[in-house]
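data.cif (mmCIF, N, CA, C and O atoms)
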```
data_target
loop_
_atom_site.label_atom_id
_atom_site.label_comp_id
_atom_site.auth_asym_id
_atom_site.auth_seq_id
_atom_site.Cartn_x
_atom_site.Cartn_y
_atom_site.Cartn_z
N MET G 1 -4.15 0.12 -7.12
CA MET G 1 -4.46 1.40 -6.53
C MET G 1 -3.86 1.51 -5.12
O MET G 1 -3.40 2.57 -4.74
N LYS G 2 -3.89 0.40 -4.38
CA LYS G 2 -3.31 0.43 -3.03
C LYS G 2 -1.81 0.68 -3.07
O LYS G 2 -1.27 1.40 -2.24
N TRP G 3 -1.12 0.08 -4.06
CA TRP G 3 0.32 0.28 -4.16
C TRP G 3 0.64 1.71 -4.57
O TRP G 3 1.62 2.29 -4.10
N LEU G 4 -0.17 2.29 -5.43
CA LEU G 4 0.03 3.68 -5.82
C LEU G 4 -0.13 4.59 -4.60
O LEU G 4 0.71 5.47 -4.36
N ALA G 5 -1.17 4.35 -3.81
CA ALA G 5 -1.38 5.14 -2.60
C ALA G 5 -0.22 4.96 -1.62
O ALA G 5 0.24 5.92 -1.00
N THR G 6 0.29 3.74 -1.51
CA THR G 6 1.44 3.48 -0.63
C THR G 6 2.64 4.29 -1.08
O THR G 6 3.33 4.92 -0.24
N ALA G 7 2.93 4.30 -2.36
CA ALA G 7 4.07 5.08 -2.88
C ALA G 7 3.87 6.57 -2.63
O ALA G 7 4.81 7.29 -2.25
N ILE G 8 2.64 7.03 -2.79
CA ILE G 8 2.34 8.45 -2.53
C ILE G 8 2.54 8.77 -1.06
O ILE G 8 3.13 9.80 -0.71
N PHE G 9 2.07 7.90 -0.16
CA PHE G 9 2.25 8.13 1.28
C PHE G 9 3.71 8.16 1.68
O PHE G 9 4.14 8.99 2.49
N LEU G 10 4.50 7.24 1.14
CA LEU G 10 5.94 7.23 1.45
C LEU G 10 6.62 8.50 0.95
O LEU G 10 7.47 9.07 1.65
N SER G 11 6.24 8.95 -0.22
CA SER G 11 6.81 10.19 -0.76
C SER G 11 6.40 11.39 0.10
O SER G 11 7.22 12.26 0.41
N ALA G 12 5.13 11.44 0.48
CA ALA G 12 4.63 12.55 1.30
C ALA G 12 5.31 12.59 2.66
O ALA G 12 5.74 13.65 3.12
N GLY G 13 5.43 11.44 3.30
CA GLY G 13 6.08 11.39 4.61
C GLY G 13 7.54 11.81 4.54
O GLY G 13 8.03 12.54 5.40
N THR G 14 8.23 11.35 3.51
CA THR G 14 9.63 11.74 3.32
C THR G 14 9.74 13.24 3.09
O THR G 14 10.59 13.91 3.69
N LEU G 15 8.88 13.78 2.25
CA LEU G 15 8.91 15.20 1.95
C LEU G 15 8.67 16.04 3.20
O LEU G 15 9.40 17.00 3.46
N LEU G 16 7.69 15.66 4.01
CA LEU G 16 7.42 16.42 5.23
C LEU G 16 8.56 16.30 6.24
O LEU G 16 8.92 17.27 6.91
N SER G 17 9.15 15.12 6.33
CA SER G 17 10.22 14.94 7.32
C SER G 17 11.50 15.68 6.95
O SER G 17 12.31 15.99 7.83
N LEU G 18 11.69 15.98 5.67
CA LEU G 18 12.88 16.72 5.26
C LEU G 18 12.83 18.18 5.70
O LEU G 18 13.87 18.82 5.85
N ASN G 19 11.62 18.70 5.92
CA ASN G 19 11.44 20.08 6.38
C ASN G 19 12.21 21.07 5.51
O ASN G 19 13.01 21.87 6.00
N ILE G 20 11.99 20.98 4.22
CA ILE G 20 12.62 21.89 3.26
C ILE G 20 11.55 22.78 2.64
O ILE G 20 10.36 22.66 2.96
N GLU G 21 11.96 23.67 1.75
CA GLU G 21 11.04 24.64 1.16
C GLU G 21 9.77 24.01 0.58
O GLU G 21 8.69 24.55 0.73
N ILE G 22 9.90 22.89 -0.08
CA ILE G 22 8.75 22.27 -0.74
C ILE G 22 8.03 21.22 0.12
O ILE G 22 7.16 20.52 -0.37
N SER G 23 8.38 21.14 1.38
CA SER G 23 7.78 20.13 2.26
C SER G 23 6.27 20.25 2.35
O SER G 23 5.57 19.24 2.49
N ARG G 24 5.75 21.46 2.23
CA ARG G 24 4.30 21.65 2.37
C ARG G 24 3.51 20.88 1.31
O ARG G 24 2.36 20.54 1.52
N PHE G 25 4.14 20.56 0.19
CA PHE G 25 3.46 19.82 -0.86
C PHE G 25 3.21 18.36 -0.45
O PHE G 25 2.44 17.66 -1.10
N GLY G 26 3.84 17.95 0.64
CA GLY G 26 3.57 16.63 1.19
C GLY G 26 2.11 16.48 1.58
O GLY G 26 1.53 15.39 1.44
N PHE G 27 1.49 17.56 2.06
CA PHE G 27 0.08 17.50 2.43
C PHE G 27 -0.80 17.25 1.20
O PHE G 27 -1.81 16.57 1.28
N LEU G 28 -0.41 17.81 0.06
CA LEU G 28 -1.16 17.56 -1.18
C LEU G 28 -1.02 16.09 -1.60
O LEU G 28 -1.98 15.48 -2.08
N LEU G 29 0.17 15.54 -1.40
CA LEU G 29 0.38 14.12 -1.71
C LEU G 29 -0.44 13.24 -0.77
O LEU G 29 -1.08 12.28 -1.21
N PHE G 30 -0.43 13.57 0.51
CA PHE G 30 -1.24 12.80 1.47
C PHE G 30 -2.72 12.86 1.08
O PHE G 30 -3.41 11.85 1.11
N LEU G 31 -3.19 14.05 0.71
CA LEU G 31 -4.59 14.19 0.31
C LEU G 31 -4.90 13.30 -0.90
O LEU G 31 -5.92 12.60 -0.92
N THR G 32 -4.01 13.30 -1.88
CA THR G 32 -4.19 12.47 -3.06
C THR G 32 -4.29 10.99 -2.69
O THR G 32 -5.19 10.27 -3.15
N GLY G 33 -3.37 10.53 -1.85
CA GLY G 33 -3.38 9.14 -1.42
C GLY G 33 -4.63 8.76 -0.65
O GLY G 33 -5.21 7.69 -0.85
N HIS G 34 -5.06 9.66 0.23
CA HIS G 34 -6.25 9.36 1.03
C HIS G 34 -7.52 9.37 0.19
O HIS G 34 -8.44 8.57 0.44
N VAL G 35 -7.59 10.23 -0.82
CA VAL G 35 -8.75 10.22 -1.70
C VAL G 35 -8.78 8.91 -2.51
O VAL G 35 -9.83 8.29 -2.66
N LEU G 36 -7.62 8.49 -3.01
CA LEU G 36 -7.55 7.22 -3.75
C LEU G 36 -8.02 6.05 -2.89
O LEU G 36 -8.83 5.23 -3.31
N LEU G 37 -7.49 5.98 -1.67
CA LEU G 37 -7.88 4.87 -0.80
C LEU G 37 -9.33 4.96 -0.36
O LEU G 37 -9.99 3.93 -0.22
N SER G 38 -9.84 6.17 -0.15
CA SER G 38 -11.24 6.31 0.22
C SER G 38 -12.14 5.76 -0.87
O SER G 38 -13.12 5.06 -0.59
N TYR G 39 -11.81 6.06 -2.11
CA TYR G 39 -12.57 5.50 -3.24
C TYR G 39 -12.55 3.97 -3.16
O TYR G 39 -13.59 3.32 -3.30
N TRP G 40 -11.37 3.41 -2.95
CA TRP G 40 -11.23 1.96 -2.89
C TRP G 40 -12.05 1.36 -1.74
O TRP G 40 -12.76 0.38 -1.91
N PHE G 41 -11.95 1.99 -0.56
CA PHE G 41 -12.65 1.46 0.60
C PHE G 41 -14.17 1.58 0.46
O PHE G 41 -14.90 0.69 0.89
N PHE G 42 -14.66 2.66 -0.14
CA PHE G 42 -16.09 2.77 -0.39
C PHE G 42 -16.54 1.70 -1.38
O PHE G 42 -17.59 1.08 -1.20
N LYS G 43 -15.74 1.50 -2.41
CA LYS G 43 -16.06 0.49 -3.41
C LYS G 43 -16.14 -0.90 -2.78
O LYS G 43 -17.00 -1.71 -3.11
N GLU G 44 -15.22 -1.20 -1.85
CA GLU G 44 -15.17 -2.49 -1.18
C GLU G 44 -16.08 -2.57 0.05
O GLU G 44 -16.11 -3.58 0.74
N LYS G 45 -16.75 -1.47 0.35
CA LYS G 45 -17.65 -1.37 1.51
C LYS G 45 -16.92 -1.65 2.83
O LYS G 45 -17.45 -2.27 3.74
N ASP G 46 -15.69 -1.17 2.90
CA ASP G 46 -14.90 -1.28 4.13
C ASP G 46 -15.10 0.02 4.90
O ASP G 46 -14.33 0.97 4.78
N TRP G 47 -16.18 0.06 5.66
CA TRP G 47 -16.62 1.31 6.28
C TRP G 47 -15.66 1.82 7.35
O TRP G 47 -15.52 3.04 7.52
N ALA G 48 -15.02 0.94 8.07
CA ALA G 48 -14.07 1.39 9.10
C ALA G 48 -12.90 2.14 8.45
O ALA G 48 -12.50 3.22 8.91
N MET G 49 -12.34 1.57 7.39
CA MET G 49 -11.21 2.22 6.72
C MET G 49 -11.66 3.47 5.97
O MET G 49 -10.92 4.46 5.89
N ALA G 50 -12.87 3.46 5.42
CA ALA G 50 -13.40 4.65 4.75
C ALA G 50 -13.55 5.79 5.74
O ALA G 50 -13.21 6.94 5.45
N THR G 51 -14.03 5.47 6.94
CA THR G 51 -14.17 6.48 8.00
C THR G 51 -12.81 7.02 8.41
O THR G 51 -12.63 8.23 8.55
N GLN G 52 -11.86 6.13 8.59
CA GLN G 52 -10.51 6.56 8.96
C GLN G 52 -9.92 7.49 7.90
O GLN G 52 -9.35 8.53 8.21
N ASN G 53 -10.06 7.12 6.64
CA ASN G 53 -9.53 7.95 5.57
C ASN G 53 -10.27 9.27 5.45
O ASN G 53 -9.68 10.27 5.08
N GLY G 54 -11.56 9.27 5.77
CA GLY G 54 -12.31 10.53 5.79
C GLY G 54 -11.72 11.49 6.81
O GLY G 54 -11.59 12.68 6.54
N PHE G 55 -11.37 10.97 7.97
CA PHE G 55 -10.74 11.81 8.98
C PHE G 55 -9.36 12.28 8.53
O PHE G 55 -8.99 13.44 8.74
N PHE G 56 -8.59 11.40 7.87
CA PHE G 56 -7.29 11.80 7.35
C PHE G 56 -7.43 12.89 6.29
O PHE G 56 -6.58 13.79 6.20
N ILE G 57 -8.49 12.82 5.49
CA ILE G 57 -8.72 13.87 4.50
C ILE G 57 -8.93 15.21 5.20
O ILE G 57 -8.41 16.24 4.77
N PHE G 58 -9.69 15.19 6.30
CA PHE G 58 -9.87 16.41 7.09
C PHE G 58 -8.53 16.94 7.59
O PHE G 58 -8.26 18.14 7.50
N ILE G 59 -7.68 16.07 8.11
CA ILE G 59 -6.36 16.47 8.60
C ILE G 59 -5.52 17.04 7.45
O ILE G 59 -4.83 18.06 7.61
N ASP G 60 -5.58 16.39 6.28
CA ASP G 60 -4.83 16.87 5.12
C ASP G 60 -5.29 18.27 4.73
O ASP G 60 -4.46 19.15 4.44
N LEU G 61 -6.60 18.48 4.70
CA LEU G 61 -7.13 19.80 4.34
C LEU G 61 -6.73 20.85 5.37
O LEU G 61 -6.41 22.00 5.00
N LEU G 62 -6.70 20.48 6.63
CA LEU G 62 -6.24 21.40 7.67
C LEU G 62 -4.78 21.76 7.45
O LEU G 62 -4.39 22.93 7.54
N GLY G 63 -3.94 20.76 7.15
CA GLY G 63 -2.53 21.03 6.87
C GLY G 63 -2.35 21.90 5.65
O GLY G 63 -1.51 22.81 5.65
N ILE G 64 -3.12 21.65 4.61
CA ILE G 64 -3.04 22.47 3.40
C ILE G 64 -3.42 23.91 3.72
O ILE G 64 -2.73 24.85 3.30
N PHE G 65 -4.49 24.08 4.47
CA PHE G 65 -4.91 25.43 4.85
C PHE G 65 -3.83 26.15 5.66
O PHE G 65 -3.50 27.30 5.39
N ARG G 66 -3.24 25.44 6.63
CA ARG G 66 -2.22 26.06 7.50
C ARG G 66 -0.93 26.40 6.74
O ARG G 66 -0.29 27.40 7.03
N TRP G 67 -0.51 25.55 5.80
CA TRP G 67 0.76 25.75 5.13
C TRP G 67 0.66 26.61 3.88
O TRP G 67 1.65 27.19 3.46
N PHE G 68 -0.52 26.66 3.25
CA PHE G 68 -0.64 27.40 2.00
C PHE G 68 -1.35 28.74 2.12
O PHE G 68 -1.18 29.60 1.27
N PHE G 69 -2.18 28.90 3.16
CA PHE G 69 -2.95 30.14 3.25
C PHE G 69 -2.66 30.94 4.47
O PHE G 69 -2.44 30.73 5.48
#
```

Could I get this file's structure written as structure tokens?
Amino acid sequence: MKWLATAIFLSAGTLLSLNIEISRFGFLLFLTGHVLLSYWFFKEKDWAMATQNGFFIFIDLLGIFRWFF
């Protein structure tokens, strides 16, 4: 699951940095990766990383709102 999230993050970062028509979908990829890792961190009781990913989910949702609506 961690490797899948890593691949998603790399894809999302690349997509956003290209600044092309579909770049906004990078935020959806980031959200997907952060939700996956949050599940993992909660399962492992890694509260510091779960908290960090919770904040990243907020940032992802803010980006989705700004770019899509």

Picked residues, the PyMOL selection byres ((chain G and resi 21-25) around 8), expected as an MDAnalysis selection string: chainID G and resid 8 11:20 26:32 60 63:64 67:68

Result set, the PyMOL selection byres ((chain G and resi 5) around 7) on current file, as a PyMOL selection string: chain G and resi 1-4+6-11+29+32-34+36-37

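Across the model, the gap from atom CA of Ser38 of chain G to atom C of Thr51 of chain G is 8.4 Å.
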